[in-house]
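What's in work_15.txt: compact mmCIF, C-alpha atoms
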# COMPACT_ATOMS: atom_id res chain seq x y z
CA MET A 1 51.91 -73.86 20.22
CA PRO A 2 52.36 -71.54 17.24
CA PRO A 3 53.05 -73.03 13.79
CA PRO A 4 56.79 -73.31 12.95
CA LEU A 5 56.77 -70.29 10.59
CA GLU A 6 55.01 -68.05 13.07
CA GLY A 7 57.37 -69.18 15.79
CA THR A 8 60.36 -68.34 13.62
CA LEU A 9 58.97 -64.88 12.80
CA ALA A 10 58.29 -64.22 16.47
CA ALA A 11 61.84 -65.19 17.38
CA MET A 12 63.23 -62.95 14.63
CA LYS A 13 61.15 -60.01 15.86
CA LYS A 14 62.36 -60.57 19.41
CA MET A 15 65.98 -60.67 18.28
CA PHE A 16 65.52 -57.49 16.24
CA LEU A 17 63.94 -55.60 19.14
CA LEU A 18 66.76 -56.67 21.45
CA ALA A 19 69.31 -55.48 18.88
CA CYS A 20 67.52 -52.14 18.55
CA ALA A 21 67.48 -51.74 22.32
CA ALA A 22 71.22 -52.43 22.49
CA ALA A 23 71.91 -49.98 19.67
CA MET A 24 69.77 -47.28 21.28
CA ALA A 25 71.53 -47.84 24.58
CA GLY A 26 74.79 -47.29 22.78
CA CYS A 27 73.49 -43.94 21.54
CA SER A 28 72.59 -42.71 25.02
CA PRO A 29 74.57 -39.76 26.47
CA VAL A 30 78.01 -40.70 27.76
CA THR A 31 80.88 -38.82 29.30
CA MET A 32 84.08 -39.01 27.32
CA THR A 33 87.47 -37.49 28.04
CA VAL A 34 89.77 -37.00 25.08
CA THR A 35 93.31 -35.71 25.58
CA LEU A 36 94.51 -34.16 22.36
CA PHE A 37 98.25 -34.06 21.73
CA ALA A 38 99.38 -36.33 24.55
CA ASP A 39 102.39 -35.79 26.78
CA SER A 40 105.53 -36.62 24.80
CA SER A 41 107.62 -36.87 27.99
CA ARG A 42 106.29 -40.43 28.48
CA LEU A 43 108.00 -41.62 25.32
CA VAL A 44 111.31 -43.47 25.55
CA GLU A 45 113.92 -43.45 22.80
CA SER A 46 115.45 -46.60 21.37
CA GLN A 47 118.25 -46.91 18.83
CA VAL A 48 117.57 -48.64 15.52
CA LYS A 49 120.77 -47.98 13.59
CA ARG A 50 123.84 -45.80 14.04
CA ASP A 51 126.22 -44.55 11.37
CA LYS A 52 129.92 -44.56 12.23
CA ASN A 53 130.08 -40.80 11.74
CA ALA A 54 126.78 -40.12 13.49
CA ARG A 55 128.05 -37.76 16.21
CA ASP A 56 124.98 -36.26 17.96
CA ALA A 57 122.63 -36.07 14.96
CA LYS A 58 119.47 -38.19 15.02
CA VAL A 59 116.69 -39.09 12.60
CA VAL A 60 113.42 -40.26 14.18
CA LEU A 61 111.45 -43.14 12.65
CA ILE A 62 107.72 -42.85 13.42
CA ASP A 63 105.46 -45.82 12.67
CA ILE A 64 101.93 -45.17 11.40
CA ARG A 65 100.21 -48.55 11.53
CA GLY A 66 96.62 -49.63 11.13
CA VAL A 67 93.52 -47.52 10.78
CA ILE A 68 93.91 -43.77 11.18
CA ALA A 69 91.46 -42.02 13.50
CA GLU A 70 91.25 -39.01 15.77
CA LYS A 71 90.97 -41.46 18.66
CA ALA A 72 92.06 -45.07 18.09
CA GLU A 73 90.75 -46.82 21.22
CA GLY A 74 87.65 -48.96 20.93
CA GLY A 75 84.75 -48.03 18.68
CA LEU A 76 84.57 -48.82 15.00
CA PHE A 77 87.95 -50.44 14.55
CA GLY A 78 88.30 -52.13 17.92
CA GLY A 79 91.36 -50.11 18.95
CA SER A 80 93.51 -51.31 16.04
CA GLY A 81 95.29 -48.32 14.64
CA VAL A 82 96.95 -45.01 15.35
CA SER A 83 95.43 -41.84 16.77
CA VAL A 84 96.25 -38.19 16.22
CA ASP A 85 97.53 -38.15 19.81
CA ASP A 86 100.07 -40.90 19.03
CA LEU A 87 101.56 -38.98 16.14
CA ALA A 88 101.40 -35.55 17.77
CA ALA A 89 103.25 -36.76 20.89
CA ARG A 90 106.10 -38.16 18.82
CA LEU A 91 106.31 -35.03 16.67
CA ARG A 92 106.48 -32.89 19.79
CA LYS A 93 109.32 -34.96 21.23
CA ALA A 94 111.23 -34.72 17.93
CA GLU A 95 110.52 -30.98 17.83
CA ASP A 96 111.91 -30.39 21.33
CA ASP A 97 115.11 -32.35 20.71
CA SER A 98 117.67 -30.15 18.92
CA SER A 99 119.74 -33.20 17.97
CA VAL A 100 116.85 -34.51 15.83
CA LYS A 101 117.53 -33.32 12.28
CA ALA A 102 114.76 -35.09 10.36
CA ILE A 103 111.90 -37.59 10.70
CA ILE A 104 110.72 -40.57 8.69
CA LEU A 105 107.05 -41.58 8.67
CA ARG A 106 106.89 -45.34 8.08
CA ILE A 107 103.28 -45.74 6.89
CA ASN A 108 101.52 -49.09 6.83
CA SER A 109 97.84 -48.13 6.78
CA PRO A 110 94.76 -48.53 4.55
CA GLY A 111 93.68 -45.06 5.71
CA GLY A 112 90.90 -44.16 8.09
CA THR A 113 88.53 -41.34 8.90
CA VAL A 114 88.56 -38.16 6.83
CA THR A 115 89.05 -35.97 9.89
CA GLY A 116 91.74 -38.16 11.47
CA SER A 117 93.71 -38.27 8.22
CA ASP A 118 93.44 -34.52 7.72
CA MET A 119 94.42 -33.75 11.31
CA MET A 120 97.53 -35.90 10.98
CA TYR A 121 98.42 -34.26 7.67
CA ARG A 122 98.17 -30.80 9.24
CA GLU A 123 100.22 -31.84 12.28
CA VAL A 124 103.06 -33.00 10.03
CA ARG A 125 102.91 -29.84 7.92
CA ARG A 126 102.96 -27.72 11.08
CA PHE A 127 105.99 -29.64 12.34
CA ALA A 128 107.84 -29.16 9.05
CA ALA A 129 106.99 -25.45 8.79
CA GLU A 130 107.90 -24.57 12.38
CA THR A 131 111.02 -26.70 12.82
CA LYS A 132 112.38 -26.65 9.25
CA LYS A 133 113.28 -30.30 9.83
CA PRO A 134 112.70 -32.42 6.69
CA VAL A 135 110.05 -35.14 6.64
CA VAL A 136 110.34 -38.30 4.53
CA ALA A 137 107.46 -40.75 4.07
CA SER A 138 108.38 -44.43 3.70
CA LEU A 139 105.46 -46.52 2.43
CA GLY A 140 105.21 -50.08 3.74
CA GLU A 141 102.95 -52.92 2.63
CA VAL A 142 99.87 -50.71 2.37
CA ALA A 143 99.74 -46.92 2.34
CA ALA A 144 96.40 -46.31 0.67
CA SER A 145 93.76 -43.59 0.80
CA GLY A 146 94.22 -41.81 4.16
CA GLY A 147 97.64 -43.45 4.45
CA TYR A 148 98.64 -41.84 1.16
CA TYR A 149 96.92 -38.59 2.20
CA LEU A 150 99.26 -38.46 5.20
CA ALA A 151 102.29 -39.26 3.02
CA LEU A 152 101.53 -36.12 0.99
CA ALA A 153 102.61 -34.08 4.02
CA ALA A 154 106.21 -35.26 3.55
CA ASP A 155 108.97 -33.53 1.58
CA ARG A 156 109.78 -36.82 -0.15
CA ILE A 157 107.83 -40.07 -0.57
CA VAL A 158 109.62 -43.42 -0.93
CA ALA A 159 107.58 -46.57 -1.60
CA GLU A 160 108.54 -50.22 -1.48
CA PRO A 161 108.30 -51.58 -5.05
CA THR A 162 105.55 -53.89 -3.82
CA SER A 163 103.67 -51.35 -1.68
CA VAL A 164 99.95 -50.99 -2.34
CA THR A 165 99.13 -47.30 -2.51
CA GLY A 166 96.71 -44.88 -4.14
CA SER A 167 92.98 -45.45 -3.47
CA ILE A 168 92.57 -41.68 -3.71
CA GLY A 169 88.95 -41.08 -2.88
CA VAL A 170 86.20 -41.06 -0.28
CA ILE A 171 83.66 -43.61 0.90
CA MET A 172 80.61 -43.31 3.13
CA PRO A 173 79.31 -46.87 3.72
CA THR A 174 75.55 -47.26 4.10
CA LEU A 175 73.28 -50.26 4.58
CA ASN A 176 69.51 -50.51 4.24
CA VAL A 177 67.49 -53.35 5.78
CA SER A 178 64.00 -51.86 5.54
CA GLU A 179 62.74 -54.19 2.82
CA GLY A 180 63.84 -57.28 4.69
CA LEU A 181 62.26 -56.04 7.93
CA ASN A 182 58.99 -55.25 6.18
CA ARG A 183 58.80 -58.85 5.01
CA ILE A 184 58.68 -60.08 8.58
CA GLY A 185 56.19 -57.45 9.72
CA ILE A 186 58.55 -54.89 11.20
CA HIS A 187 58.03 -51.28 10.13
CA SER A 188 59.92 -48.17 11.13
CA ARG A 189 58.84 -44.53 11.13
CA SER A 190 61.08 -41.77 12.44
CA ILE A 191 59.72 -38.71 14.20
CA LYS A 192 61.99 -36.00 12.87
CA SER A 193 62.43 -32.23 12.90
CA GLY A 194 63.26 -31.92 9.21
CA ARG A 195 63.10 -33.99 6.05
CA ASN A 196 66.84 -34.70 6.10
CA LYS A 197 67.24 -35.42 9.81
CA ASP A 198 67.23 -39.19 9.20
CA LEU A 199 69.67 -39.24 6.29
CA ALA A 200 70.28 -42.82 5.09
CA ASN A 201 68.27 -44.32 7.95
CA PRO A 202 68.83 -48.06 7.43
CA LEU A 203 65.42 -48.94 8.89
CA GLU A 204 63.34 -46.92 6.42
CA PRO A 205 63.10 -47.09 2.61
CA MET A 206 65.95 -45.47 0.70
CA ARG A 207 65.24 -41.99 -0.64
CA ASP A 208 67.33 -40.66 -3.50
CA GLU A 209 67.17 -37.08 -2.22
CA HIS A 210 68.87 -38.22 1.00
CA TYR A 211 71.70 -39.87 -0.88
CA ALA A 212 72.11 -36.75 -3.03
CA VAL A 213 72.85 -34.77 0.15
CA LEU A 214 75.40 -37.34 1.29
CA GLN A 215 76.95 -37.51 -2.18
CA ALA A 216 77.56 -33.76 -2.06
CA THR A 217 79.55 -34.22 1.15
CA VAL A 218 81.58 -37.07 -0.35
CA ASP A 219 82.26 -34.96 -3.46
CA GLU A 220 83.49 -32.07 -1.31
CA PHE A 221 85.95 -34.29 0.58
CA TYR A 222 87.06 -35.92 -2.68
CA GLU A 223 87.87 -32.55 -4.27
CA ARG A 224 89.89 -31.70 -1.16
CA PHE A 225 91.90 -34.93 -1.48
CA LYS A 226 92.39 -34.60 -5.25
CA GLY A 227 93.43 -30.96 -4.91
CA LEU A 228 95.99 -31.92 -2.29
CA VAL A 229 97.47 -34.56 -4.59
CA VAL A 230 97.84 -32.04 -7.42
CA ASP A 231 99.24 -29.36 -5.10
CA ARG A 232 101.79 -31.56 -3.34
CA ARG A 233 102.86 -33.67 -6.33
CA THR A 234 103.32 -30.89 -8.93
CA ARG A 235 106.11 -28.98 -7.23
CA PRO A 236 108.94 -27.13 -9.04
CA ALA A 237 111.54 -29.37 -10.65
CA VAL A 238 113.97 -30.70 -8.05
CA VAL A 239 116.62 -33.38 -8.55
CA GLY A 240 115.28 -36.68 -7.24
CA VAL A 241 111.67 -35.48 -7.05
CA ARG A 242 109.13 -36.77 -9.54
CA SER A 243 106.18 -34.67 -10.58
CA LEU A 244 102.65 -36.01 -11.03
CA GLU A 245 101.75 -37.04 -14.57
CA MET A 246 99.01 -34.44 -15.04
CA SER A 247 97.52 -36.09 -18.12
CA ARG A 248 96.54 -39.03 -15.90
CA VAL A 249 95.27 -37.15 -12.84
CA ASP A 250 91.61 -38.14 -13.29
CA GLU A 251 92.58 -41.76 -13.84
CA LEU A 252 94.97 -41.91 -10.89
CA THR A 253 92.43 -40.32 -8.53
CA ASP A 254 89.46 -42.56 -9.39
CA GLY A 255 89.99 -44.76 -6.33
CA ARG A 256 92.26 -47.40 -7.88
CA VAL A 257 95.26 -48.83 -6.06
CA VAL A 258 98.69 -49.19 -7.67
CA THR A 259 101.98 -50.77 -6.72
CA GLY A 260 104.87 -48.69 -5.45
CA GLU A 261 106.65 -49.34 -8.76
CA ARG A 262 103.75 -47.89 -10.77
CA ALA A 263 103.28 -45.05 -8.29
CA ALA A 264 106.87 -43.97 -8.95
CA GLU A 265 106.30 -44.07 -12.70
CA PHE A 266 103.17 -41.92 -12.40
CA GLY A 267 104.70 -39.42 -9.98
CA LEU A 268 102.52 -40.32 -7.00
CA VAL A 269 105.77 -41.03 -5.12
CA ASP A 270 109.34 -39.87 -5.70
CA GLN A 271 111.09 -43.23 -5.90
CA THR A 272 111.02 -46.84 -4.79
CA GLY A 273 113.05 -48.10 -1.87
CA GLY A 274 112.91 -49.08 1.76
CA VAL A 275 113.65 -47.54 5.14
CA SER A 276 117.39 -47.50 4.40
CA ASP A 277 116.73 -45.34 1.34
CA ALA A 278 114.40 -43.06 3.32
CA PHE A 279 117.13 -42.73 5.98
CA ALA A 280 119.68 -41.68 3.34
CA ILE A 281 117.27 -39.13 1.84
CA ALA A 282 116.42 -37.70 5.27
CA LYS A 283 120.13 -37.15 6.00
CA ALA A 284 120.71 -35.54 2.62
CA LEU A 285 117.78 -33.15 3.08
CA ALA A 286 119.03 -32.27 6.57
CA GLY A 287 122.53 -31.64 5.25
CA ILE A 288 124.24 -34.24 7.45
CA GLU A 289 126.44 -37.18 6.51
CA GLY A 290 125.82 -39.44 9.47
CA ALA A 291 123.12 -39.91 12.09
CA THR A 292 121.52 -42.33 14.52
CA LEU A 293 118.13 -43.69 13.51
CA VAL A 294 115.89 -43.84 16.59
CA LYS A 295 112.32 -44.69 17.50
CA TYR A 296 110.05 -43.64 20.36
CA TYR A 297 107.93 -46.05 22.35
CA SER A 298 105.69 -45.59 25.36
CA GLU A 299 107.39 -45.66 28.75
CA GLY A 300 106.74 -48.92 30.58
CA SER A 301 105.66 -50.78 27.44
CA THR A 302 107.51 -53.78 26.04
CA ARG A 303 109.93 -52.63 23.39
CA PRO A 304 108.50 -53.86 20.06
CA ARG A 305 110.63 -56.03 17.77
CA THR A 306 110.76 -56.02 13.97
CA ALA A 307 113.11 -56.39 11.07
CA TYR A 308 112.91 -53.90 8.24
CA ALA A 309 114.50 -54.75 4.90
CA GLY A 310 118.16 -53.90 5.03
CA GLY A 311 118.44 -54.68 8.74
CA VAL A 312 117.87 -51.08 9.80
CA ASP A 313 115.07 -51.67 12.26
CA SER A 314 114.60 -54.03 15.15
CA ALA A 315 111.57 -52.46 16.76
CA GLY A 316 108.02 -53.40 15.80
CA MET A 317 106.18 -55.90 13.61
CA GLU A 318 106.02 -54.68 10.03
CA ILE A 319 103.18 -56.87 8.84
CA ASN A 320 99.86 -55.42 9.91
CA LEU A 321 96.52 -57.14 9.32
CA VAL A 322 93.70 -54.67 9.71
CA GLN A 323 90.28 -55.96 10.69
CA ILE A 324 87.40 -53.65 9.90
CA ARG A 325 84.35 -54.75 11.83
CA ALA A 326 80.89 -55.14 10.36
CA GLY A 327 79.64 -52.36 12.64
CA MET A 328 81.20 -49.97 10.16
CA LEU A 329 78.39 -50.73 7.74
CA SER A 330 75.64 -50.52 10.34
CA GLY A 331 73.49 -47.47 10.79
CA ALA A 332 73.15 -48.44 14.45
CA GLY A 333 76.90 -48.22 14.98
CA TYR A 334 79.55 -45.62 14.22
CA GLY A 335 78.82 -43.66 11.07
CA GLY A 336 81.21 -41.50 9.14
CA VAL A 337 83.13 -40.61 6.02
CA TYR A 338 86.42 -42.32 5.25
CA TYR A 339 89.62 -42.00 3.29
CA ILE A 340 90.08 -45.74 3.44
CA TRP A 341 90.79 -48.66 1.13
CA MET A 342 88.27 -51.38 1.94
CA GLY A 343 90.18 -54.01 0.03
CA PRO A 344 90.82 -57.67 0.82
Please re-express this file's structure in structure tokens.
Amino acid sequence: MPPPLEGTLAAMKKMFLLACAAAMAGCSPVTMTVTLFADSSRLVESQVKRDKNARDAKVVLIDIRGVIAEKAEGGLFGGSGVSVDDLAARLRKAEDDSSVKAIILRINSPGGTVTGSDMMYREVRRFAAETKKPVVASLGEVAASGGYYLALAADRIVAEPTSVTGSIGVIMPTLNVSEGLNRIGIHSRSIKSGRNKDLANPLEPMRDEHYAVLQATVDEFYERFKGLVVDRRTRPAVVGVRSLEMSRVDELTDGRVVTGERAAEFGLVDQTGGVSDAFAIAKALAGIEGATLVKYYSEGSTRPRTAYAGGVDSAGMEINLVQIRAGMLSGAGYGGVYYIWMGP
């Protein structure tokens, strides 16, 4: 029988090898079908609120909840979140309905992947440019990083006074376990085609030149985000629209989060308020006095139930707790670059 320490080390090695095998199996070729821009005909409309003088005009309320990704099912975030398909399908339905005069994006998200956030932003800008229908962003409990990036696509941004927003920046999580593995006699050596093929390999010692390459990518995405903030928040003077406080741009884009109240003061958003305020702004921008506020939900699904402040919504749960799994920080799992607030 081996001594206790040797037995423990042997068990640890066995567990590590099993984990590696599982991770490698997860990296094996798979067949995946992704349907971009899903069929909007499967969405059903429900009424949230109707003005007395609504007539046929409608404003569509679109919820953006949870982690933003190109594809939300499974993977890194366990299916909790919203995909590009979800948003695109609802935009298409609103685009095809001539009675829809404006849309409201109700955002409650800490952000998500860089690509998913950017795709959603471009979808909203395309919708606004092609339909000429105004877009208003209404920030919920959290609209940070990629959530705020998406809000920049709107013509107006309204934040709850207590919203958490900002977190303008980029993160690429990495983890290195090579030193710990070496201590129990496990050593890794990659067979690679080039010196940078194993960038940030968590099983081998950290190399500064590798992180310099990754830092350049993060810096590029950060400049894209920062440039978008300056471009979208320094528009010509318009009544009711606040402009970004340029003297504080570097400070406001250093990754910090701020409340909706402070965001309004700094010009990151236009004003504070809730969905009722966003509804009023959407009607004003569309040039209509009354409208019906509606939502879309998937055909055959149970109609969600919620209560927004002001009693204007009865569809969906507003509070959203986002769980980011530890696999995000693992080199053996999904890797990527994120516009995301990894807060409490």
Min atom-atom distance to A:Ala200 from the set A:Ile107, A:Val48, A:Ala89, A:Asn176, counting only C-alpha atoms, belongs to A:Asn176
Name all residues at most 6 Å from stretch 208-222 of chain A (count only C-alpha atoms; drop same-chain ones fewer than 2 positions away) and give them as a ChimeraX atom specification. /A:169-170,199,224-225
Atom CA of A:Arg65 to atom CA of A:Glu123, straight-line distance in Å: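 Taking atom CA of A:Glu123 as the start and atom CA of A:Arg65 as the end point, the length is 16.7 Å.
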Atomic distance atom CA of A:Lys101 - atom CA of A:Leu87, expressed in Å with one decimal: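 That distance, rounded to one decimal, is 17.4 Å.
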Counting only C-alpha atoms, which residues come within 6 Å of (96.4, -48.3, 2.7), with the point read in the file's coordinates, and could you list them as a list in words? Ser109, Pro110, Gly111, Val142, Ala143, Ala144, Ser145, Gly147, Thr165 and Trp341 of chain A
